[in-house]
>>> print(open('input_31.pdb').read())   # PDB, C-alpha atoms
ATOM      1  CA  MET A  46       0.000   0.000   0.000  1.00  0.00           C
ATOM      2  CA  ASN A  47       1.169   3.506  -0.788  1.00  0.00           C
ATOM      3  CA  GLY A  48       1.407   5.957   2.116  1.00  0.00           C
ATOM      4  CA  GLY A  49      -0.309   9.339   2.146  1.00  0.00           C
ATOM      5  CA  LEU A  50      -3.452  10.374   0.323  1.00  0.00           C
ATOM      6  CA  PRO A  51      -4.762   8.282  -2.539  1.00  0.00           C
ATOM      7  CA  ALA A  52      -3.992   9.643  -6.003  1.00  0.00           C
ATOM      8  CA  VAL A  53      -7.655  10.499  -6.571  1.00  0.00           C
ATOM      9  CA  SER A  54      -7.763  12.562  -3.366  1.00  0.00           C
ATOM     10  CA  ARG A  55      -4.553  14.381  -4.299  1.00  0.00           C
ATOM     11  CA  ARG A  56      -6.025  15.221  -7.688  1.00  0.00           C
ATOM     12  CA  SER A  57      -9.244  16.408  -5.989  1.00  0.00           C
ATOM     13  CA  VAL A  58      -7.323  18.705  -3.643  1.00  0.00           C
ATOM     14  CA  GLY A  59      -5.266  20.006  -6.543  1.00  0.00           C
ATOM     15  CA  SER A  60      -8.419  20.725  -8.529  1.00  0.00           C
ATOM     16  CA  GLN A  61      -9.945  22.586  -5.614  1.00  0.00           C
ATOM     17  CA  ILE A  62      -6.803  24.672  -5.205  1.00  0.00           C
ATOM     18  CA  ARG A  63      -6.810  25.529  -8.902  1.00  0.00           C
ATOM     19  CA  VAL A  64     -10.487  26.519  -8.692  1.00  0.00           C
ATOM     20  CA  LEU A  65      -9.760  28.679  -5.651  1.00  0.00           C
ATOM     21  CA  ILE A  66      -6.853  30.349  -7.418  1.00  0.00           C
ATOM     22  CA  GLY A  67      -9.063  30.935 -10.451  1.00  0.00           C
ATOM     23  CA  ILE A  68     -11.735  32.541  -8.285  1.00  0.00           C
ATOM     24  CA  LEU A  69      -9.154  34.783  -6.641  1.00  0.00           C
ATOM     25  CA  VAL A  70      -7.750  35.745 -10.030  1.00  0.00           C
ATOM     26  CA  LEU A  71     -11.248  36.849 -11.034  1.00  0.00           C
ATOM     27  CA  LEU A  72     -12.196  38.502  -7.758  1.00  0.00           C
ATOM     28  CA  VAL A  73      -9.122  40.673  -7.313  1.00  0.00           C
ATOM     29  CA  PRO A  74      -9.515  42.578 -10.613  1.00  0.00           C
ATOM     30  CA  LEU A  75     -13.286  42.726 -10.086  1.00  0.00           C
ATOM     31  CA  SER A  76     -12.792  44.225  -6.641  1.00  0.00           C
ATOM     32  CA  ALA A  77     -10.383  46.745  -8.103  1.00  0.00           C
ATOM     33  CA  VAL A  78     -12.893  47.714 -10.793  1.00  0.00           C
ATOM     34  CA  ILE A  79     -15.663  48.116  -8.208  1.00  0.00           C
ATOM     35  CA  SER A  80     -13.399  50.207  -6.001  1.00  0.00           C
ATOM     36  CA  VAL A  81     -12.391  52.478  -8.869  1.00  0.00           C
ATOM     37  CA  ALA A  82     -16.014  52.876  -9.984  1.00  0.00           C
ATOM     38  CA  THR A  83     -17.284  53.693  -6.510  1.00  0.00           C
ATOM     39  CA  ILE A  84     -14.418  56.091  -5.830  1.00  0.00           C
ATOM     40  CA  HIS A  85     -15.236  57.846  -9.111  1.00  0.00           C
ATOM     41  CA  SER A  86     -18.905  58.008  -8.109  1.00  0.00           C
ATOM     42  CA  GLN A  87     -17.997  59.438  -4.722  1.00  0.00           C
ATOM     43  CA  SER A  88     -15.669  61.970  -6.331  1.00  0.00           C
ATOM     44  CA  SER A  89     -18.402  63.055  -8.753  1.00  0.00           C
ATOM     45  CA  ALA A  90     -20.872  63.507  -5.903  1.00  0.00           C
ATOM     46  CA  VAL A  91     -18.376  65.550  -3.885  1.00  0.00           C
ATOM     47  CA  ARG A  92     -17.559  67.752  -6.885  1.00  0.00           C
ATOM     48  CA  ALA A  93     -21.258  68.327  -7.540  1.00  0.00           C
ATOM     49  CA  LEU A  94     -21.715  69.376  -3.915  1.00  0.00           C
ATOM     50  CA  THR A  95     -18.693  71.651  -3.637  1.00  0.00           C
ATOM     51  CA  LEU A  96     -18.498  73.137  -7.134  1.00  0.00           C
ATOM     52  CA  ALA A  97     -22.150  73.346  -8.168  1.00  0.00           C
ATOM     53  CA  LEU A  98     -24.948  72.719  -5.697  1.00  0.00           C
ATOM     54  CA  GLY A  99     -23.383  74.250  -2.596  1.00  0.00           C
ATOM     55  CA  PRO A 100     -22.501  77.609  -4.204  1.00  0.00           C
ATOM     56  CA  ALA A 101     -25.832  77.704  -6.059  1.00  0.00           C
ATOM     57  CA  SER A 102     -27.760  77.146  -2.841  1.00  0.00           C
ATOM     58  CA  GLU A 103     -25.835  79.872  -1.016  1.00  0.00           C
ATOM     59  CA  ALA A 104     -26.383  82.331  -3.862  1.00  0.00           C
ATOM     60  CA  ASN A 105     -30.095  81.561  -4.066  1.00  0.00           C
ATOM     61  CA  ASN A 106     -30.430  82.121  -0.321  1.00  0.00           C
ATOM     62  CA  ALA A 107     -28.646  85.459  -0.738  1.00  0.00           C
ATOM     63  CA  VAL A 108     -31.112  86.434  -3.473  1.00  0.00           C
ATOM     64  CA  LEU A 109     -34.011  85.639  -1.150  1.00  0.00           C
ATOM     65  CA  LEU A 110     -32.463  87.658   1.678  1.00  0.00           C
ATOM     66  CA  ASP A 111     -31.848  90.735  -0.470  1.00  0.00           C
ATOM     67  CA  MET A 112     -35.264  90.533  -2.115  1.00  0.00           C
ATOM     68  CA  THR A 113     -36.791  90.434   1.364  1.00  0.00           C
ATOM     69  CA  ARG A 114     -34.788  93.539   2.269  1.00  0.00           C
ATOM     70  CA  ALA A 115     -35.838  95.265  -0.950  1.00  0.00           C
ATOM     71  CA  GLU A 116     -39.504  94.428  -0.407  1.00  0.00           C
ATOM     72  CA  GLY A 117     -39.405  95.717   3.166  1.00  0.00           C
ATOM     73  CA  ALA A 118     -37.691  98.941   2.106  1.00  0.00           C
ATOM     74  CA  TRP A 119     -40.197  99.386  -0.713  1.00  0.00           C
ATOM     75  CA  ARG A 120     -43.121  99.110   1.713  1.00  0.00           C
ATOM     76  CA  GLU A 121     -41.582 101.751   3.943  1.00  0.00           C
ATOM     77  CA  ALA A 122     -41.052 104.035   0.961  1.00  0.00           C
ATOM     78  CA  VAL A 123     -44.571 103.774  -0.497  1.00  0.00           C
ATOM     79  CA  LEU A 124     -46.078 104.389   2.929  1.00  0.00           C
ATOM     80  CA  GLY A 125     -44.035 107.544   3.282  1.00  0.00           C
ATOM     81  CA  GLY A 126     -41.740 106.256   5.992  1.00  0.00           C
ATOM     82  CA  PRO A 127     -37.941 106.345   6.076  1.00  0.00           C
ATOM     83  CA  ALA A 128     -36.679 103.323   4.156  1.00  0.00           C
ATOM     84  CA  PRO A 129     -33.494 101.759   5.605  1.00  0.00           C
ATOM     85  CA  VAL A 130     -32.163 101.359   2.074  1.00  0.00           C
ATOM     86  CA  ASP A 131     -33.201 102.351  -1.423  1.00  0.00           C
ATOM     87  CA  PRO A 132     -34.958  99.172  -2.603  1.00  0.00           C
ATOM     88  CA  LEU A 133     -33.999  99.788  -6.218  1.00  0.00           C
ATOM     89  CA  SER A 134     -30.314  99.999  -5.297  1.00  0.00           C
ATOM     90  CA  LEU A 135     -30.328  96.280  -4.468  1.00  0.00           C
ATOM     91  CA  GLN A 136     -31.131  95.190  -8.025  1.00  0.00           C
ATOM     92  CA  PRO A 137     -27.514  94.992  -9.316  1.00  0.00           C
ATOM     93  CA  ARG A 138     -26.471  92.950  -6.282  1.00  0.00           C
ATOM     94  CA  ILE A 139     -29.396  90.563  -6.727  1.00  0.00           C
ATOM     95  CA  GLU A 140     -28.674  90.144 -10.433  1.00  0.00           C
ATOM     96  CA  GLU A 141     -25.060  89.342  -9.583  1.00  0.00           C
ATOM     97  CA  GLN A 142     -26.209  86.678  -7.140  1.00  0.00           C
ATOM     98  CA  LEU A 143     -28.556  85.223  -9.756  1.00  0.00           C
ATOM     99  CA  GLY A 144     -25.508  84.944 -11.991  1.00  0.00           C
ATOM    100  CA  ARG A 145     -23.809  82.896  -9.281  1.00  0.00           C
ATOM    101  CA  VAL A 146     -26.868  80.654  -9.091  1.00  0.00           C
ATOM    102  CA  GLU A 147     -26.630  80.146 -12.840  1.00  0.00           C
ATOM    103  CA  GLN A 148     -22.919  79.404 -12.655  1.00  0.00           C
ATOM    104  CA  GLY A 149     -23.520  76.696 -10.067  1.00  0.00           C
ATOM    105  CA  THR A 150     -26.595  75.126 -11.625  1.00  0.00           C
ATOM    106  CA  GLN A 151     -25.025  75.062 -15.089  1.00  0.00           C
ATOM    107  CA  SER A 152     -21.810  73.417 -13.911  1.00  0.00           C
ATOM    108  CA  THR A 153     -20.637  70.484 -16.010  1.00  0.00           C
ATOM    109  CA  GLU A 154     -20.487  68.508 -12.760  1.00  0.00           C
ATOM    110  CA  LEU A 155     -24.265  68.164 -13.173  1.00  0.00           C
ATOM    111  CA  SER A 156     -26.019  66.094 -15.810  1.00  0.00           C
ATOM    112  CA  ALA A 157     -27.497  67.727 -18.906  1.00  0.00           C
ATOM    113  CA  PRO A 158     -31.107  66.997 -17.820  1.00  0.00           C
ATOM    114  CA  ASP A 159     -30.414  68.527 -14.397  1.00  0.00           C
ATOM    115  CA  ARG A 160     -28.879  71.623 -15.983  1.00  0.00           C
ATOM    116  CA  ALA A 161     -31.918  72.013 -18.236  1.00  0.00           C
ATOM    117  CA  ARG A 162     -34.269  71.672 -15.267  1.00  0.00           C
ATOM    118  CA  PHE A 163     -32.341  74.266 -13.277  1.00  0.00           C
ATOM    119  CA  ALA A 164     -32.237  76.642 -16.255  1.00  0.00           C
ATOM    120  CA  THR A 165     -36.033  76.593 -16.493  1.00  0.00           C
ATOM    121  CA  LEU A 166     -36.475  77.232 -12.773  1.00  0.00           C
ATOM    122  CA  LEU A 167     -33.880  80.001 -12.712  1.00  0.00           C
ATOM    123  CA  ALA A 168     -35.492  81.708 -15.715  1.00  0.00           C
ATOM    124  CA  ALA A 169     -38.772  81.859 -13.787  1.00  0.00           C
ATOM    125  CA  GLU A 170     -37.035  83.367 -10.758  1.00  0.00           C
ATOM    126  CA  ARG A 171     -35.182  85.916 -12.886  1.00  0.00           C
ATOM    127  CA  ALA A 172     -38.414  86.942 -14.615  1.00  0.00           C
ATOM    128  CA  ALA A 173     -40.116  87.426 -11.248  1.00  0.00           C
ATOM    129  CA  VAL A 174     -37.218  89.535  -9.949  1.00  0.00           C
ATOM    130  CA  LYS A 175     -37.251  91.689 -13.077  1.00  0.00           C
ATOM    131  CA  GLU A 176     -41.012  92.190 -12.843  1.00  0.00           C
ATOM    132  CA  TRP A 177     -40.772  93.115  -9.173  1.00  0.00           C
ATOM    133  CA  PHE A 178     -38.180  95.827  -9.746  1.00  0.00           C
ATOM    134  CA  THR A 179     -40.082  97.158 -12.767  1.00  0.00           C
ATOM    135  CA  ALA A 180     -43.289  97.373 -10.749  1.00  0.00           C
ATOM    136  CA  ALA A 181     -41.525  98.757  -7.670  1.00  0.00           C
ATOM    137  CA  ARG A 182     -39.862 101.480  -9.727  1.00  0.00           C
ATOM    138  CA  ALA A 183     -43.195 102.485 -11.273  1.00  0.00           C
ATOM    139  CA  SER A 184     -44.983 102.528  -7.913  1.00  0.00           C
ATOM    140  CA  LEU A 185     -42.288 104.642  -6.278  1.00  0.00           C
ATOM    141  CA  ALA A 186     -42.379 107.107  -9.161  1.00  0.00           C
ATOM    142  CA  ALA A 187     -46.159 107.434  -8.779  1.00  0.00           C
ATOM    143  CA  ALA A 188     -46.184 107.581  -4.982  1.00  0.00           C
ATOM    144  CA  PRO A 189     -47.713 110.845  -3.700  1.00  0.00           C
ATOM    145  CA  THR A 190     -45.423 113.211  -1.869  1.00  0.00           C
ATOM    146  CA  GLY A 191     -48.104 115.381  -0.258  1.00  0.00           C
ATOM    147  CA  PRO A 192     -50.579 114.756   2.577  1.00  0.00           C
ATOM    148  CA  ALA A 193     -53.433 113.795   0.233  1.00  0.00           C
ATOM    149  CA  GLY A 194     -52.738 110.065   0.543  1.00  0.00           C
ATOM    150  CA  PRO A 195     -52.215 107.425  -2.137  1.00  0.00           C
ATOM    151  CA  ALA A 196     -54.063 107.830  -5.406  1.00  0.00           C
ATOM    152  CA  PRO A 197     -56.014 104.931  -6.988  1.00  0.00           C
ATOM    153  CA  VAL A 198     -53.265 104.411  -9.545  1.00  0.00           C
ATOM    154  CA  ALA A 199     -50.788 103.978  -6.711  1.00  0.00           C
ATOM    155  CA  PHE A 200     -52.950 101.231  -5.222  1.00  0.00           C
ATOM    156  CA  ALA A 201     -52.973  99.400  -8.567  1.00  0.00           C
ATOM    157  CA  LEU A 202     -49.217  99.699  -8.882  1.00  0.00           C
ATOM    158  CA  ARG A 203     -48.720  98.469  -5.344  1.00  0.00           C
ATOM    159  CA  ALA A 204     -50.878  95.445  -6.096  1.00  0.00           C
ATOM    160  CA  ARG A 205     -48.666  94.716  -9.087  1.00  0.00           C
ATOM    161  CA  VAL A 206     -45.569  94.832  -6.888  1.00  0.00           C
ATOM    162  CA  GLU A 207     -47.136  92.492  -4.349  1.00  0.00           C
ATOM    163  CA  THR A 208     -48.168  90.054  -7.080  1.00  0.00           C
ATOM    164  CA  ALA A 209     -44.641  90.101  -8.477  1.00  0.00           C
ATOM    165  CA  TYR A 210     -43.172  89.444  -5.040  1.00  0.00           C
ATOM    166  CA  ALA A 211     -45.499  86.486  -4.517  1.00  0.00           C
ATOM    167  CA  ALA A 212     -44.372  85.089  -7.884  1.00  0.00           C
ATOM    168  CA  PHE A 213     -40.758  85.571  -6.854  1.00  0.00           C
ATOM    169  CA  GLY A 214     -41.333  83.768  -3.561  1.00  0.00           C
ATOM    170  CA  LYS A 215     -42.846  80.798  -5.359  1.00  0.00           C
ATOM    171  CA  ALA A 216     -40.081  80.641  -7.987  1.00  0.00           C
ATOM    172  CA  SER A 217     -37.322  81.043  -5.412  1.00  0.00           C
ATOM    173  CA  GLY A 218     -38.830  78.360  -3.198  1.00  0.00           C
ATOM    174  CA  THR A 219     -39.171  75.895  -6.064  1.00  0.00           C
ATOM    175  CA  LEU A 220     -35.585  76.433  -7.197  1.00  0.00           C
ATOM    176  CA  GLY A 221     -34.291  76.248  -3.640  1.00  0.00           C
ATOM    177  CA  ASP A 222     -36.177  73.021  -2.945  1.00  0.00           C
ATOM    178  CA  THR A 223     -34.859  71.460  -6.157  1.00  0.00           C
ATOM    179  CA  ILE A 224     -31.266  72.401  -5.351  1.00  0.00           C
ATOM    180  CA  ARG A 225     -31.713  71.039  -1.833  1.00  0.00           C
ATOM    181  CA  ALA A 226     -33.090  67.743  -3.143  1.00  0.00           C
ATOM    182  CA  HIS A 227     -30.114  67.348  -5.473  1.00  0.00           C
ATOM    183  CA  ARG A 228     -27.707  68.160  -2.636  1.00  0.00           C
ATOM    184  CA  ASN A 229     -29.294  65.504  -0.442  1.00  0.00           C
ATOM    185  CA  ALA A 230     -29.079  62.977  -3.284  1.00  0.00           C
ATOM    186  CA  ALA A 231     -25.411  63.819  -3.862  1.00  0.00           C
ATOM    187  CA  ARG A 232     -24.667  63.390  -0.157  1.00  0.00           C
ATOM    188  CA  ALA A 233     -26.439  60.026  -0.176  1.00  0.00           C
ATOM    189  CA  ASP A 234     -24.463  58.927  -3.253  1.00  0.00           C
ATOM    190  CA  SER A 235     -21.218  59.932  -1.569  1.00  0.00           C
ATOM    191  CA  ARG A 236     -22.048  58.008   1.612  1.00  0.00           C
ATOM    192  CA  GLU A 237     -23.154  54.950  -0.370  1.00  0.00           C
ATOM    193  CA  ALA A 238     -19.976  54.987  -2.443  1.00  0.00           C
ATOM    194  CA  THR A 239     -17.897  55.221   0.725  1.00  0.00           C
ATOM    195  CA  GLY A 240     -19.721  52.236   2.209  1.00  0.00           C
ATOM    196  CA  ILE A 241     -19.261  50.121  -0.915  1.00  0.00           C
ATOM    197  CA  THR A 242     -15.563  50.953  -1.130  1.00  0.00           C
ATOM    198  CA  SER A 243     -15.048  50.064   2.531  1.00  0.00           C
ATOM    199  CA  ALA A 244     -16.897  46.771   2.103  1.00  0.00           C
ATOM    200  CA  VAL A 245     -14.862  45.807  -0.959  1.00  0.00           C
ATOM    201  CA  ILE A 246     -11.566  46.716   0.663  1.00  0.00           C
TER     202      ILE A 246
END
>>> encode(input="input_31.pdb", output="structure tokens")
Amino acid sequence: MNGGLPAVSRRSVGSQIRVLIGILVLLVPLSAVISVATIHSQSSAVRALTLALGPASEANNAVLLDMTRAEGAWREAVLGGPAPVDPLSLQPRIEEQLGRVEQGTQSTELSAPDRARFATLLAAERAAVKEWFTAARASLAAAPTGPAGPAPVAFALRARVETAYAAFGKASGTLGDTIRAHRNAARADSREATGITSAVI
């Protein structure tokens, strides 16, 4: 009798080892591919957050803040009170901030469909801002300076300003909510990619 394992058993063990080696040969490159893909996904999500969505959100919030200031100052002015700031003087600053919103939401870090969606929403906000300043300028020009009180035309112009501000609030809120939703999705993608990479490694 021959000592050790039978020849059949030795061949069986050898076959199992070769299968195991084959599996490892397949798994190692596959793991590397998964790691690279998830790292790329995480990097894309981080870039979208830092280069596009974050700055766009901050700029849109700044637009809302300055429009609120302008609207408050306008109300003081049409009622004859001392306005803390000339509401019309804030228009260039607001337009500059809208440009920053556009820069962020049109970043190539975002997909083409997302950029198109943001462009539509931003156009609505810009139109509302433009209409508000046009109406505010007209109402301030027509505001009475004497003690007689506001004329009927002034009431109509004031209503136009208020309607424009309501439209702005709706447009700004919709754009802000959409940016926020995309930021949350990008954060989730980044966390998921980190988890997958850790699991693979």
>>> resolve_selection(input="input_31.pdb", expression="the PyMOL selection byres ((chain A and resi 137) around 12)", output="number ranges by chain")
A: 108, 111-112, 115, 132-136, 138-144, 174-175, 178
>>> resolve_selection(input="input_31.pdb", expression="the PyMOL selection byres ((chain A and resi 215) around 12)", output="PDB file with C-alpha atoms, in the coordinates of the input")
ATOM      1  CA  LEU A 109     -34.011  85.639  -1.150  1.00  0.00           C
ATOM      2  CA  LEU A 166     -36.475  77.232 -12.773  1.00  0.00           C
ATOM      3  CA  LEU A 167     -33.880  80.001 -12.712  1.00  0.00           C
ATOM      4  CA  ALA A 169     -38.772  81.859 -13.787  1.00  0.00           C
ATOM      5  CA  GLU A 170     -37.035  83.367 -10.758  1.00  0.00           C
ATOM      6  CA  ARG A 171     -35.182  85.916 -12.886  1.00  0.00           C
ATOM      7  CA  ALA A 172     -38.414  86.942 -14.615  1.00  0.00           C
ATOM      8  CA  ALA A 173     -40.116  87.426 -11.248  1.00  0.00           C
ATOM      9  CA  VAL A 174     -37.218  89.535  -9.949  1.00  0.00           C
ATOM     10  CA  THR A 208     -48.168  90.054  -7.080  1.00  0.00           C
ATOM     11  CA  ALA A 209     -44.641  90.101  -8.477  1.00  0.00           C
ATOM     12  CA  TYR A 210     -43.172  89.444  -5.040  1.00  0.00           C
ATOM     13  CA  ALA A 211     -45.499  86.486  -4.517  1.00  0.00           C
ATOM     14  CA  ALA A 212     -44.372  85.089  -7.884  1.00  0.00           C
ATOM     15  CA  PHE A 213     -40.758  85.571  -6.854  1.00  0.00           C
ATOM     16  CA  GLY A 214     -41.333  83.768  -3.561  1.00  0.00           C
ATOM     17  CA  ALA A 216     -40.081  80.641  -7.987  1.00  0.00           C
ATOM     18  CA  SER A 217     -37.322  81.043  -5.412  1.00  0.00           C
ATOM     19  CA  GLY A 218     -38.830  78.360  -3.198  1.00  0.00           C
ATOM     20  CA  THR A 219     -39.171  75.895  -6.064  1.00  0.00           C
ATOM     21  CA  LEU A 220     -35.585  76.433  -7.197  1.00  0.00           C
ATOM     22  CA  GLY A 221     -34.291  76.248  -3.640  1.00  0.00           C
ATOM     23  CA  ASP A 222     -36.177  73.021  -2.945  1.00  0.00           C
TER      24      ASP A 222
END
>>> resolve_selection(input="input_31.pdb", expression="the PyMOL selection byres ((chain A and resi 203) around 12)", output="count of residues only")
33
>>> axis_aligned_box(input="input_31.pdb", around="range 215-220 of chain A", padding_each_side="3 Å", output="JSON")
{"center_x": -39.2, "center_y": 78.5, "center_z": -5.6, "size_x": 13.3, "size_y": 11.1, "size_z": 10.8}
>>> closest_residue(input="input_31.pdb", among="A:Ala157, A:Ala226, A:Leu110, A:Ala104", to="Arg145 in chain A", atoms="only C-alpha atoms")
A:Ala104
>>> atom_distance(input="input_31.pdb", atom1="CA of Gly99 in chain A", atom2="CA of Thr113 in chain A")
21.4 Å
>>> atom_distance(input="input_31.pdb", atom1="CA of Glu147 in chain A", atom2="CA of Phe163 in chain A")
8.2 Å
>>> atom_distance(input="input_31.pdb", atom1="CA of Asp131 in chain A", atom2="CA of Gly117 in chain A")
10.2 Å
>>> residues_around(input="input_31.pdb", residues="Ser152 in chain A", least_positions_apart="3", cutoff="8 Å", atoms="all atoms listed in the file", output="MDAnalysis selection string")
chainID A and resid 96:97 148:149 155 160
>>> residues_around(input="input_31.pdb", residues="Arg225 in chain A", least_positions_apart="4", cutoff="8 Å", atoms="only C-alpha atoms", output="PyMOL selection string")
chain A and resi 98+102+221+229
